[in-house]
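*Asks:* For reference, this is structure-v8.txt, and it has compact mmCIF, C-alpha atoms.
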# COMPACT_ATOMS: atom_id res chain seq x y z
CA MET S 1 -3.77 -49.72 -202.82
CA SER S 2 -1.49 -52.58 -203.81
CA THR S 3 -0.49 -52.82 -207.46
CA LEU S 4 -0.88 -55.91 -209.63
CA ALA S 5 2.85 -56.52 -209.16
CA THR S 6 2.53 -56.88 -205.38
CA ILE S 7 -0.84 -58.50 -204.63
CA SER S 8 -1.00 -62.15 -203.67
CA SER S 9 -2.29 -64.94 -205.90
CA GLY S 10 -5.51 -65.13 -203.89
CA GLU S 11 -6.19 -61.41 -204.27
CA LEU S 12 -5.41 -61.62 -207.97
CA ARG S 13 -7.92 -64.43 -208.53
CA LYS S 14 -10.66 -62.44 -206.77
CA LEU S 15 -9.98 -59.25 -208.75
CA SER S 16 -12.78 -58.15 -211.09
CA GLU S 17 -12.01 -57.69 -214.76
CA LYS S 18 -12.61 -53.95 -214.42
CA ASP S 19 -10.11 -53.56 -211.56
CA PHE S 20 -7.66 -55.87 -213.33
CA VAL S 21 -7.68 -53.68 -216.47
CA SER S 22 -7.44 -50.56 -214.31
CA GLY S 23 -4.31 -52.00 -212.72
CA LEU S 24 -2.79 -52.67 -216.14
CA SER S 25 -3.33 -49.04 -217.08
CA ASP S 26 -1.05 -47.94 -214.24
CA MET S 27 1.82 -50.22 -215.30
CA SER S 28 4.65 -49.60 -217.74
CA PRO S 29 5.11 -51.86 -220.80
CA SER S 30 8.08 -53.63 -219.22
CA ALA S 31 6.15 -54.16 -215.97
CA ILE S 32 3.20 -55.66 -217.88
CA ASP S 33 5.51 -57.94 -219.82
CA ARG S 34 7.20 -59.16 -216.63
CA PHE S 35 3.83 -59.53 -214.87
CA LYS S 36 2.51 -61.68 -217.74
CA ARG S 37 5.57 -63.96 -217.61
CA MET S 38 5.82 -64.28 -213.82
CA ARG S 39 2.19 -64.61 -212.68
CA LYS S 40 -0.25 -67.43 -213.36
CA LEU S 41 -3.47 -65.84 -214.66
CA SER S 42 -6.99 -67.19 -214.89
CA SER S 43 -8.39 -67.61 -218.40
CA GLN S 44 -10.59 -64.55 -217.82
CA HIS S 45 -7.67 -62.36 -216.78
CA ASP S 46 -5.46 -63.73 -219.55
CA GLN S 47 -8.08 -62.86 -222.14
CA ALA S 48 -8.55 -59.39 -220.62
CA LEU S 49 -4.79 -58.80 -220.73
CA ASN S 50 -4.53 -59.75 -224.40
CA THR S 51 -7.53 -57.54 -225.26
CA PHE S 52 -5.99 -54.65 -223.32
CA LEU S 53 -2.71 -54.93 -225.22
CA ARG S 54 -4.53 -55.00 -228.58
CA GLN S 55 -6.46 -51.87 -227.65
CA HIS S 56 -3.42 -50.09 -226.17
CA PRO S 57 -0.38 -50.55 -228.43
CA ASP S 58 1.54 -48.10 -226.25
CA LYS S 59 1.47 -50.70 -223.45
CA ARG S 60 3.17 -53.40 -225.51
CA LEU S 61 6.84 -54.06 -224.82
CA THR S 62 8.72 -52.55 -227.73
CA ALA S 63 11.99 -50.65 -227.96
CA GLU S 64 10.08 -47.39 -228.30
CA ASN S 65 7.66 -48.04 -225.41
CA ASN S 66 10.42 -49.24 -223.08
CA LYS S 67 12.24 -45.89 -223.02
CA PRO S 68 12.57 -44.27 -219.57
CA GLN S 69 10.33 -41.36 -218.66
CA ASN S 70 11.41 -37.82 -219.42
CA ASN S 71 13.44 -36.70 -216.41
CA LYS S 72 12.68 -33.04 -217.08
CA ALA S 73 8.96 -33.68 -216.81
CA ILE S 74 9.44 -35.49 -213.52
CA LYS S 75 11.57 -32.64 -212.15
CA ALA S 76 8.98 -30.08 -213.23
CA LYS S 77 6.28 -31.91 -211.29
CA SER S 78 8.41 -32.12 -208.17
CA LYS S 79 9.16 -28.36 -208.29
CA SER S 80 5.47 -27.52 -208.19
CA LYS S 81 5.08 -29.18 -204.79
CA PRO S 82 5.46 -26.97 -201.70
CA THR S 83 8.64 -27.50 -199.73
CA SER S 84 8.53 -28.80 -196.17
CA PRO S 85 11.13 -29.25 -193.43
CA LYS S 86 13.31 -32.29 -193.97
CA LYS S 87 12.61 -35.24 -191.72
CA PRO S 88 14.66 -38.39 -191.11
CA VAL S 89 13.72 -40.82 -193.86
CA PRO S 90 13.18 -44.42 -192.70
CA LYS S 91 14.81 -47.26 -194.56
CA LYS S 92 12.59 -48.07 -197.57
CA LEU S 93 11.82 -51.10 -199.63
CA LYS S 94 12.38 -49.85 -203.17
CA ALA S 95 10.94 -51.67 -206.15
CA GLU S 96 12.54 -51.65 -209.57
CA ASP S 97 11.80 -48.78 -211.92
CA ASP S 98 9.20 -50.77 -213.83
CA GLY S 99 7.21 -51.54 -210.69
CA TYR S 100 8.21 -55.20 -210.41
CA VAL S 101 8.73 -56.34 -206.83
CA GLN S 102 11.27 -59.10 -206.29
CA LEU S 103 10.33 -62.15 -204.25
CA TRP S 104 12.59 -61.33 -201.32
CA MET S 105 11.09 -57.85 -201.12
CA ARG S 106 7.55 -59.19 -201.08
CA MET S 107 8.44 -61.73 -198.40
CA ARG S 108 10.11 -59.10 -196.23
CA ALA S 109 7.20 -56.70 -196.65
CA TRP S 110 4.69 -59.45 -195.82
CA TRP S 111 6.55 -60.28 -192.62
CA ASP S 112 6.84 -56.61 -191.60
CA GLY S 113 3.16 -55.97 -192.36
CA VAL S 114 3.69 -53.28 -194.99
CA ASP S 115 3.29 -52.83 -198.73
CA VAL S 116 6.11 -52.13 -201.15
CA GLU S 117 5.58 -48.87 -203.04
CA PRO S 118 6.68 -49.34 -206.68
CA THR S 119 7.13 -45.55 -206.96
CA GLY S 120 9.86 -45.59 -204.34
CA GLN S 121 7.78 -43.49 -201.90
CA PRO S 122 8.07 -44.17 -198.15
CA VAL S 123 6.44 -47.36 -196.97
CA GLY S 124 3.50 -46.66 -194.68
CA PRO S 125 1.66 -48.76 -192.06
CA LYS S 126 -0.79 -50.40 -194.44
CA PRO S 127 -2.82 -53.59 -193.91
CA ARG S 128 -0.66 -56.70 -193.83
CA MET S 129 -0.15 -58.28 -197.23
CA SER S 130 -2.07 -61.53 -197.51
CA ILE S 131 -0.32 -64.61 -198.79
CA ASP S 132 -2.54 -67.25 -200.33
CA VAL S 133 -1.71 -70.80 -199.26
CA ASP S 134 -4.05 -73.65 -200.10
CA LYS S 135 -3.48 -76.04 -197.19
CA ALA S 136 -6.03 -78.49 -198.57
CA LYS S 137 -3.96 -79.01 -201.73
CA PRO S 138 -0.25 -79.31 -200.97
CA PRO S 139 2.05 -78.95 -203.99
CA VAL S 140 2.29 -82.26 -205.83
CA GLU S 141 6.01 -81.80 -206.56
CA ASP S 142 6.91 -81.29 -202.87
CA ASP S 143 8.48 -84.55 -201.70
CA GLY S 144 9.28 -83.28 -198.19
CA ASP S 145 12.75 -81.99 -199.00
CA ASN S 146 11.45 -78.41 -199.21
CA ARG S 147 10.21 -78.47 -195.63
CA LEU S 148 13.50 -79.81 -194.27
CA LYS S 149 15.43 -77.27 -196.32
CA ILE S 150 13.30 -74.36 -195.10
CA ILE S 151 13.47 -75.44 -191.44
CA GLN S 152 17.26 -75.53 -191.57
CA GLN S 153 17.48 -72.23 -193.46
CA LEU S 154 15.47 -70.69 -190.64
CA TRP S 155 17.25 -72.16 -187.63
CA GLY S 156 20.56 -73.49 -188.92
CA GLU S 157 21.77 -76.82 -190.23
CA GLY S 158 20.43 -79.71 -188.16
CA ASN S 159 18.13 -77.47 -186.08
CA SER S 160 14.35 -77.40 -186.09
CA LEU S 161 13.60 -74.70 -183.47
CA PRO S 162 14.74 -71.07 -182.93
CA GLY S 163 18.02 -70.42 -181.17
CA GLY S 164 20.24 -73.09 -182.71
CA GLN S 165 22.56 -75.45 -180.88
CA ASP S 166 23.81 -72.79 -178.46
CA PHE S 167 20.32 -72.36 -177.02
CA SER S 168 20.26 -76.07 -176.17
CA LEU S 169 23.20 -75.59 -173.80
CA LYS S 170 21.82 -72.33 -172.38
CA LEU S 171 18.65 -74.18 -171.43
CA LEU S 172 20.69 -76.33 -169.06
CA ASP S 173 22.11 -73.42 -167.06
CA PRO S 174 22.88 -73.56 -164.12
CA ILE S 175 23.17 -77.37 -164.14
CA ASN S 176 26.71 -78.75 -164.13
CA LEU S 177 26.96 -81.16 -167.04
CA SER S 178 29.16 -84.25 -166.95
CA LYS S 179 29.61 -87.50 -168.84
CA LYS S 180 27.83 -89.35 -166.00
CA LEU S 181 24.50 -87.73 -166.80
CA ILE S 182 21.70 -89.37 -168.77
CA ILE S 183 19.44 -86.84 -170.49
CA ALA S 184 16.19 -87.18 -172.45
CA ASP S 185 15.33 -84.45 -174.96
CA LEU S 186 11.66 -84.71 -175.96
CA SER S 187 12.01 -82.01 -178.63
CA ALA S 188 15.14 -83.25 -180.40
CA GLY S 189 13.99 -82.43 -183.95
CA LEU S 190 16.84 -83.01 -186.40
CA GLY S 191 19.18 -83.50 -183.44
CA ARG S 192 21.75 -80.70 -183.69
CA GLY S 193 21.17 -79.72 -180.06
CA VAL S 194 21.27 -83.35 -178.89
CA ARG S 195 24.57 -83.95 -180.61
CA HIS S 196 26.01 -80.64 -179.36
CA ILE S 197 25.17 -81.44 -175.73
CA ALA S 198 26.58 -84.96 -176.07
CA LYS S 199 29.83 -83.78 -177.68
CA THR S 200 30.30 -80.83 -175.32
CA SER S 201 29.58 -82.60 -172.02
CA GLY S 202 30.13 -86.26 -172.80
CA ALA S 203 26.67 -86.98 -171.39
CA THR S 204 24.39 -89.60 -172.92
CA VAL S 205 21.44 -87.87 -174.58
CA HIS S 206 18.40 -89.83 -175.74
CA GLY S 207 16.58 -87.67 -178.26
CA PHE S 208 12.87 -88.00 -179.05
CA ASP S 209 10.56 -86.09 -181.36
CA THR S 210 6.85 -86.19 -182.17
CA ASP S 211 7.62 -85.55 -185.86
CA ARG S 212 8.48 -88.88 -187.44
CA GLU S 213 10.34 -87.36 -190.39
CA PHE S 214 12.51 -85.20 -188.14
CA SER S 215 13.39 -88.10 -185.86
CA GLU S 216 14.29 -90.42 -188.74
CA VAL S 217 16.45 -87.87 -190.52
CA GLY S 218 18.03 -86.72 -187.26
CA ASN S 219 18.94 -90.26 -186.22
CA ARG S 220 20.53 -90.94 -189.61
CA ILE S 221 22.74 -87.88 -189.07
CA SER S 222 23.71 -89.13 -185.59
CA VAL S 223 24.58 -92.56 -186.99
CA ALA S 224 26.67 -91.01 -189.76
CA ALA S 225 28.48 -88.93 -187.12
CA GLY S 226 29.30 -92.04 -185.10
CA LEU S 227 27.04 -91.02 -182.18
CA THR S 228 24.90 -94.15 -181.99
CA GLU S 229 25.65 -94.64 -178.29
CA ASN S 230 25.03 -91.20 -176.80
CA ALA S 231 22.95 -89.15 -179.28
CA THR S 232 20.20 -91.34 -180.70
CA ILE S 233 16.86 -89.88 -181.84
CA SER S 234 13.54 -91.75 -181.88
CA HIS S 235 9.93 -90.97 -182.71
CA PHE S 236 7.38 -90.94 -179.89
CA ASN S 237 3.77 -90.02 -179.09
CA LEU S 238 3.61 -87.27 -176.46
CA GLU S 239 0.29 -88.54 -175.13
CA LYS S 240 1.97 -91.91 -174.57
CA VAL S 241 5.32 -90.61 -173.36
CA GLY S 242 5.55 -93.47 -170.87
CA ASP S 243 6.06 -95.89 -173.77
CA ALA S 244 9.26 -94.04 -174.72
CA LEU S 245 10.78 -93.20 -171.31
CA ASP S 246 12.09 -95.70 -168.78
CA LYS S 247 11.13 -95.07 -165.15
CA SER S 248 13.65 -93.49 -162.78
CA SER S 249 16.28 -93.37 -165.53
CA TYR S 250 17.05 -89.73 -166.35
CA ASP S 251 18.96 -86.99 -164.60
CA ILE S 252 17.45 -84.33 -166.85
CA ILE S 253 14.44 -84.25 -169.17
CA ILE S 254 14.20 -81.40 -171.71
CA ALA S 255 10.96 -80.32 -173.43
CA ARG S 256 10.81 -77.29 -175.72
CA ASP S 257 7.48 -75.72 -176.76
CA LEU S 258 5.82 -79.10 -176.28
CA PHE S 259 3.10 -78.99 -173.64
CA TYR S 260 0.84 -76.09 -174.71
CA PRO S 261 -1.40 -78.13 -177.08
CA LEU S 262 -2.18 -80.68 -174.32
CA PRO S 263 -5.58 -80.12 -172.65
CA ASP S 264 -4.44 -82.39 -169.78
CA ARG S 265 -0.80 -81.69 -169.02
CA LYS S 266 -0.90 -83.31 -165.61
CA ALA S 267 -0.91 -86.88 -166.93
CA THR S 268 2.15 -86.14 -169.07
CA LEU S 269 3.98 -84.38 -166.24
CA VAL S 270 3.31 -87.27 -163.86
CA THR S 271 4.81 -89.71 -166.36
CA ILE S 272 7.84 -87.44 -166.84
CA ALA S 273 8.25 -87.20 -163.06
CA GLU S 274 8.23 -90.98 -162.80
CA SER S 275 10.99 -91.15 -165.41
CA LEU S 276 13.34 -88.86 -163.49
CA LYS S 277 15.86 -90.04 -160.91
CA PRO S 278 15.60 -88.58 -157.39
CA ASN S 279 16.56 -84.88 -157.63
CA GLY S 280 16.29 -85.07 -161.40
CA SER S 281 15.36 -81.90 -163.29
CA LEU S 282 12.70 -81.03 -165.83
CA ILE S 283 13.83 -78.18 -168.10
CA PHE S 284 11.16 -76.83 -170.44
CA THR S 285 9.98 -73.88 -172.51
CA ASP S 286 6.34 -73.25 -173.32
CA PHE S 287 3.76 -70.67 -174.35
CA CYS S 288 1.83 -69.10 -171.45
CA LEU S 289 -1.01 -66.60 -171.34
CA ALA S 290 -0.34 -63.34 -169.50
CA ASP S 291 -3.83 -63.69 -168.00
CA ARG S 292 -7.25 -65.12 -168.80
CA THR S 293 -9.24 -61.88 -168.70
CA SER S 294 -8.89 -61.10 -172.39
CA GLU S 295 -7.16 -62.04 -175.62
CA ASN S 296 -6.15 -59.62 -178.35
CA LYS S 297 -6.40 -60.24 -182.09
CA ASP S 298 -2.82 -61.52 -182.32
CA VAL S 299 -3.44 -64.28 -179.77
CA ILE S 300 -6.76 -65.17 -181.40
CA ASN S 301 -5.04 -65.40 -184.78
CA TRP S 302 -2.27 -67.54 -183.25
CA ARG S 303 -4.88 -69.98 -181.92
CA LYS S 304 -6.34 -70.31 -185.43
CA ILE S 305 -3.03 -70.86 -187.25
CA GLU S 306 -1.29 -73.27 -184.85
CA PRO S 307 -1.13 -76.78 -186.39
CA HIS S 308 -2.45 -78.26 -183.11
CA LYS S 309 -5.16 -76.53 -181.06
CA PRO S 310 -3.41 -74.59 -178.29
CA SER S 311 -4.49 -74.95 -174.66
CA PRO S 312 -1.99 -72.63 -172.93
CA SER S 313 -2.01 -72.04 -169.19
CA THR S 314 -0.92 -68.98 -167.25
CA THR S 315 2.37 -68.92 -165.34
CA ASP S 316 0.53 -69.24 -162.01
CA GLU S 317 -1.39 -72.25 -163.32
CA TYR S 318 1.87 -73.84 -164.42
CA ARG S 319 3.39 -73.34 -160.99
CA GLU S 320 0.34 -74.87 -159.33
CA LEU S 321 0.34 -77.81 -161.75
CA LEU S 322 4.01 -78.59 -161.20
CA SER S 323 3.62 -78.35 -157.45
CA SER S 324 0.64 -80.71 -157.54
CA THR S 325 2.84 -83.37 -159.15
CA LYS S 326 5.42 -82.92 -156.36
CA PHE S 327 7.91 -80.90 -158.44
CA ASP S 328 9.92 -78.26 -156.63
CA VAL S 329 9.68 -75.25 -158.97
CA LYS S 330 13.05 -73.50 -159.14
CA ALA S 331 12.34 -70.96 -161.90
CA LEU S 332 9.69 -69.80 -164.35
CA ASP S 333 11.43 -67.10 -166.38
CA ASP S 334 10.00 -64.97 -169.18
CA ILE S 335 12.25 -65.35 -172.25
CA SER S 336 9.83 -63.76 -174.72
CA GLU S 337 12.29 -61.14 -175.93
CA THR S 338 15.00 -63.71 -176.68
CA TYR S 339 12.46 -65.97 -178.39
CA VAL S 340 11.12 -63.26 -180.72
CA ALA S 341 14.66 -62.12 -181.57
CA ALA S 342 15.56 -65.70 -182.57
CA ILE S 343 12.49 -65.92 -184.84
CA GLN S 344 13.29 -62.58 -186.46
CA SER S 345 16.90 -63.65 -187.03
CA GLY S 346 15.73 -66.86 -188.71
CA TRP S 347 13.34 -65.01 -191.02
CA LYS S 348 16.07 -62.54 -191.96
CA SER S 349 18.28 -65.42 -193.09
CA ILE S 350 15.44 -66.75 -195.27
CA VAL S 351 14.92 -63.34 -196.92
CA GLU S 352 18.64 -63.09 -197.64
CA SER S 353 18.61 -66.53 -199.29
CA LEU S 354 15.82 -65.39 -201.64
CA LYS S 355 17.99 -62.67 -203.18
CA THR S 356 19.74 -65.20 -205.40
CA GLY S 357 18.57 -68.28 -207.25
CA THR S 358 15.21 -69.47 -208.52
CA PHE S 359 12.49 -71.17 -206.49
CA SER S 360 9.71 -73.58 -207.36
CA ARG S 361 6.06 -72.98 -206.57
CA ALA S 362 6.25 -75.93 -204.15
CA TYR S 363 9.13 -74.30 -202.28
CA ILE S 364 7.30 -70.98 -201.95
CA ASP S 365 4.10 -72.70 -200.79
CA SER S 366 6.04 -74.62 -198.12
CA LEU S 367 7.86 -71.46 -197.09
CA MET S 368 4.61 -69.51 -196.68
CA GLN S 369 2.99 -72.29 -194.65
CA GLU S 370 5.96 -72.35 -192.29
CA GLY S 371 6.18 -68.56 -192.29
CA GLN S 372 2.53 -68.11 -191.31
CA ILE S 373 3.02 -70.29 -188.22
CA TRP S 374 6.11 -68.45 -187.02
CA LEU S 375 4.74 -65.03 -187.86
CA SER S 376 1.61 -65.72 -185.79
CA ARG S 377 3.74 -66.91 -182.86
CA SER S 378 6.02 -63.89 -183.09
CA LYS S 379 3.13 -61.38 -183.26
CA ALA S 380 1.25 -63.02 -180.36
CA VAL S 381 4.33 -62.99 -178.11
CA GLU S 382 5.22 -59.41 -179.13
CA SER S 383 1.71 -58.33 -178.14
CA GLY S 384 2.47 -59.22 -174.51
CA GLN S 385 -0.63 -61.36 -174.00
CA LEU S 386 1.25 -64.51 -174.91
CA ARG S 387 4.62 -65.25 -173.36
CA MET S 388 7.41 -67.74 -173.83
CA ILE S 389 8.64 -69.04 -170.49
CA LYS S 390 11.60 -71.18 -169.44
CA GLY S 391 10.93 -73.43 -166.47
CA ARG S 392 13.14 -75.55 -164.23
CA ALA S 393 11.64 -77.95 -161.70
CA VAL S 394 13.30 -80.62 -159.56
CA MET S 395 11.77 -83.94 -158.54
CA ASN S 396 12.76 -84.15 -154.88
CA SER S 397 10.21 -86.77 -153.90
CA GLY S 398 7.93 -89.22 -155.66
CA PRO S 399 5.11 -87.77 -157.75
CA LYS S 400 1.48 -88.47 -157.19
CA ARG S 401 0.69 -91.76 -158.89
CA SER S 402 -3.05 -91.19 -159.32
CA LEU S 403 -4.22 -89.49 -162.46
CA THR S 404 -7.84 -89.16 -161.30
CA ASP S 405 -7.43 -85.48 -160.44
CA SER S 406 -6.31 -84.39 -163.90
CA MET S 407 -6.10 -80.71 -164.62
CA SER S 408 -7.60 -79.57 -167.92
CA ILE S 409 -7.09 -76.18 -169.52
CA ASP S 410 -9.54 -74.88 -172.10
Would it be possible to restate this file's structure as structure tokens?

*Replies:*
Amino acid sequence: MSTLATISSGELRKLSEKDFVSGLSDMSPSAIDRFKRMRKLSSQHDQALNTFLRQHPDKRLTAENNKPQNNKAIKAKSKSKPTSPKKPVPKKLKAEDDGYVQLWMRMRAWWDGVDVEPTGQPVGPKPRMSIDVDKAKPPVEDDGDNRLKIIQQLWGEGNSLPGGQDFSLKLLDPINLSKKLIIADLSAGLGRGVRHIAKTSGATVHGFDTDREFSEVGNRISVAAGLTENATISHFNLEKVGDALDKSSYDIIIARDLFYPLPDRKATLVTIAESLKPNGSLIFTDFCLADRTSENKDVINWRKIEPHKPSPSTTDEYRELLSSTKFDVKALDDISETYVAAIQSGWKSIVESLKTGTFSRAYIDSLMQEGQIWLSRSKAVESGQLRMIKGRAVMNSGPKRSLTDSMSID
């Protein structure tokens, strides 16, 4: 059972007065004092805490009550236990002696799906810690800076997706880049990848993003870097991508994790095909189902948490869809392992950043909202029933112009 020091705010609010008092009984005076200062309590729990301290003077934080336990007594208890063969001990998350669990520990344990044991005992495979986030009531003090800060702490300065700027160039393998090329990146985000491709190859890269805040901030960075000619970033509506892209203008169009929420991808792919030059390439990554026979709990949870309702296809359906729009499919590669590793690396950097400094409630709320999305994606892909694929398709001849035979995916 989780202690009062480790349960989430939602669990704490639902706790009965009886269980709340029982939890206080298991805590040391210093742990109770820290708990009272660090956690926001309901009026009922606050009153119960004050009553408990009046009735149990030994639980109040005083010099006498804050003395460490008698080591001899602890050793005597341990000697009474039967010995057993030594086994390799896994790396543990150890709480402080008073049972208080630091923020970075709680965040790491939540991500790993385990509880932190305040006693220092091995961490077991317990139910995943719940983190309470009220999406209906965003923090009033969050002016948007928290989200931008968290995104860049996850993926690196100027990045808004896993993998960083290096992944942007790897996407373009095995295409030979040159300054003659004109590229459209439909998932530019804050533009680090766009600027990296432009600087590295000399190509002109027109960046676009469906997130207005990302595109505005990213374009300001490009302007400040003197890249107004070959690394601009604009906002666009994916369902009206034709309003953003000029016909027959691009050698390469990039789209990362962009198509899976679209119930009718064919209309978008036809418009993209019309925007490519002859022999132009579409490079994309996207979520795909392993099959349609069943979905495990991780994929079901992913569907619930995604900000936009997912409508993923299978790899075979993707191949058929691309072929129907006259694309020549060159590759549909599974990059799930690389994708999950990039997510894990980003989360590790966040946990490290939490070891120092203080953080507002607004920052933590924003972090948990972002964390829930990426955790659900990571778990669904790790389960094997959802995959991340990298596709490359070439427009060798004109696409079908009619959109009457649209292909919808439920």

*Asks:* What does the distance between CA of Ser178 (chain S) and CA of Glu216 (chain S) come to in Å, to one decimal place?

*Replies:*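 Straight-line distance from CA of Ser178 (chain S) to CA of Glu216 (chain S) works out to 27.1 Å.
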
*Asks:* Looking at S:Ser376, S:Ser366, S:Thr200, S:Ser349, which one is nearest to Trp302 (chain S), with distances taken over all atoms listed in the file?

*Replies:*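 Closest to Trp302 (chain S), using all atoms listed in the file: S:Ser376.
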
*Asks:* Tell me, as a PyMOL selection string, which residues lie within 10 Å of region 308-324 of chain S, counting only C-alpha atoms; anything in the same chain fewer than 5 positions away does not count.

*Replies:* chain S and resi 259-266+269-270+273+286-292+302-303+329-334+386-389+391+393-395+399-400+405-410

*Asks:* Any idea what's packed within 7 Å of region 180-185 of chain S, counting only C-alpha atoms, ignoring anything in its chain fewer than 5 positions away? Could you give it as a PyMOL selection string?

*Replies:* chain S and resi 203-208+250-255

*Asks:* Could you tell me how far CA of Ile272 (chain S) sits from CA of Ser248 (chain S), in Å to one decimal place?

*Replies:* 9.3 Å

*Asks:* Measure the distance from CA of Thr271 (chain S) to CA of Gly242 (chain S) in Å and round it to one decimal.

*Replies:*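 Calculated distance between CA of Thr271 (chain S) and CA of Gly242 (chain S) is 5.9 Å.
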
*Asks:* Applying 9 Å and only C-alpha atoms, which residues near Asn301 (chain S) remain after dropping the ones on its own chain fewer than 5 positions away? List them as a list in words.

*Replies:* Asn296, Glu306, Ser376 and Ala380 of chain S

*Asks:* Take the residues just selected and output them with C-alpha atoms as an mmCIF file, keeping the file's coordinate frame.

*Replies:*
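Generated file (result38.cif):
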data_model
loop_
_atom_site.group_PDB
_atom_site.id
_atom_site.type_symbol
_atom_site.label_atom_id
_atom_site.label_comp_id
_atom_site.auth_asym_id
_atom_site.auth_seq_id
_atom_site.Cartn_x
_atom_site.Cartn_y
_atom_site.Cartn_z
ATOM 1 C CA ASN S 296 -6.150 -59.620 -178.350
ATOM 2 C CA GLU S 306 -1.290 -73.270 -184.850
ATOM 3 C CA SER S 376 1.610 -65.720 -185.790
ATOM 4 C CA ALA S 380 1.250 -63.020 -180.360
#

*Asks:* Can you tell me, as a list in words, which residues sit within 9 Å of (9.5, -99.1, -163.5) in the file's frame, using only C-alpha atoms?

*Replies:* Asp246, Lys247, Ser248, Glu274 and Ser275 of chain S

*Asks:* Would you save the residues from that selection as a compact mmCIF listing (two decimals), in the frame of the given file, using C-alpha atoms?

*Replies:*
# COMPACT_ATOMS: atom_id res chain seq x y z
CA ASP S 246 12.09 -95.70 -168.78
CA LYS S 247 11.13 -95.07 -165.15
CA SER S 248 13.65 -93.49 -162.78
CA GLU S 274 8.23 -90.98 -162.80
CA SER S 275 10.99 -91.15 -165.41

*Asks:* Within 10 Å of Asp26 (chain S), counting only C-alpha atoms, which residues show up once you throw out same-chain ones fewer than 6 positions away? Write them as an MDAnalysis selection string, please.

*Replies:* chainID S and resid 3:4 32 59 99

*Asks:* Show me, as a tab-separated table, the residues of region 150-247 of chain S having an atom within 10 Å of region 368-371 of chain S, each with the closest atom pair and its distance in Å, using only C-alpha atoms.

*Replies:*
residue	atom	partner	partner_atom	distance
S:Ile150	CA	S:Glu370	CA	8.1
S:Ile151	CA	S:Glu370	CA	8.2
S:Leu154	CA	S:Gly371	CA	9.7

*Asks:* Taking only C-alpha atoms into account, name the residue in S:Leu186, S:Leu12, S:Val340, S:Leu49 that is nearest to Leu282 (chain S).

*Replies:*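 Closest residue, counting only C-alpha atoms: S:Leu186.
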
*Asks:* Let me make sure I understand: among S:Asn176, S:Arg377, S:Arg195, S:Ala48, which one has the smallest atom-to-atom distance to Ala224 (chain S) if we use all atoms listed in the file?

*Replies:*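 Looking only at the distances to Ala224 (chain S), the closest residue turns out to be S:Arg195.
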
*Asks:* Pick from S:Val381, S:Leu177, S:Leu227, S:Ala109: nearest to Arg192 (chain S), with all atoms listed in the file counted?

*Replies:*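 Among the listed residues, S:Leu227 lies closest to Arg192 (chain S).
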
*Asks:* Identify the residues around (-4.4, -60.7, -186.6) within a radius of 12 Å, measuring from all atoms listed in the file in the coordinates stated by the file, and give them as a ChimeraX atom specification.

*Replies:* /S:113,127-130,295-305,372,375-380,383

*Asks:* So, counting only C-alpha atoms, which residue among S:Lys348, S:Arg392, S:Lys40, S:His196 is closest to Gly280 (chain S)?

*Replies:*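 Distance minimum relative to Gly280 (chain S) lands on S:Arg392.
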
*Asks:* Have a look at S:Leu15, S:Leu161, S:Met107, S:Leu276 and name the one nearest to Leu41 (chain S); count all atoms listed in the file.

*Replies:* S:Leu15
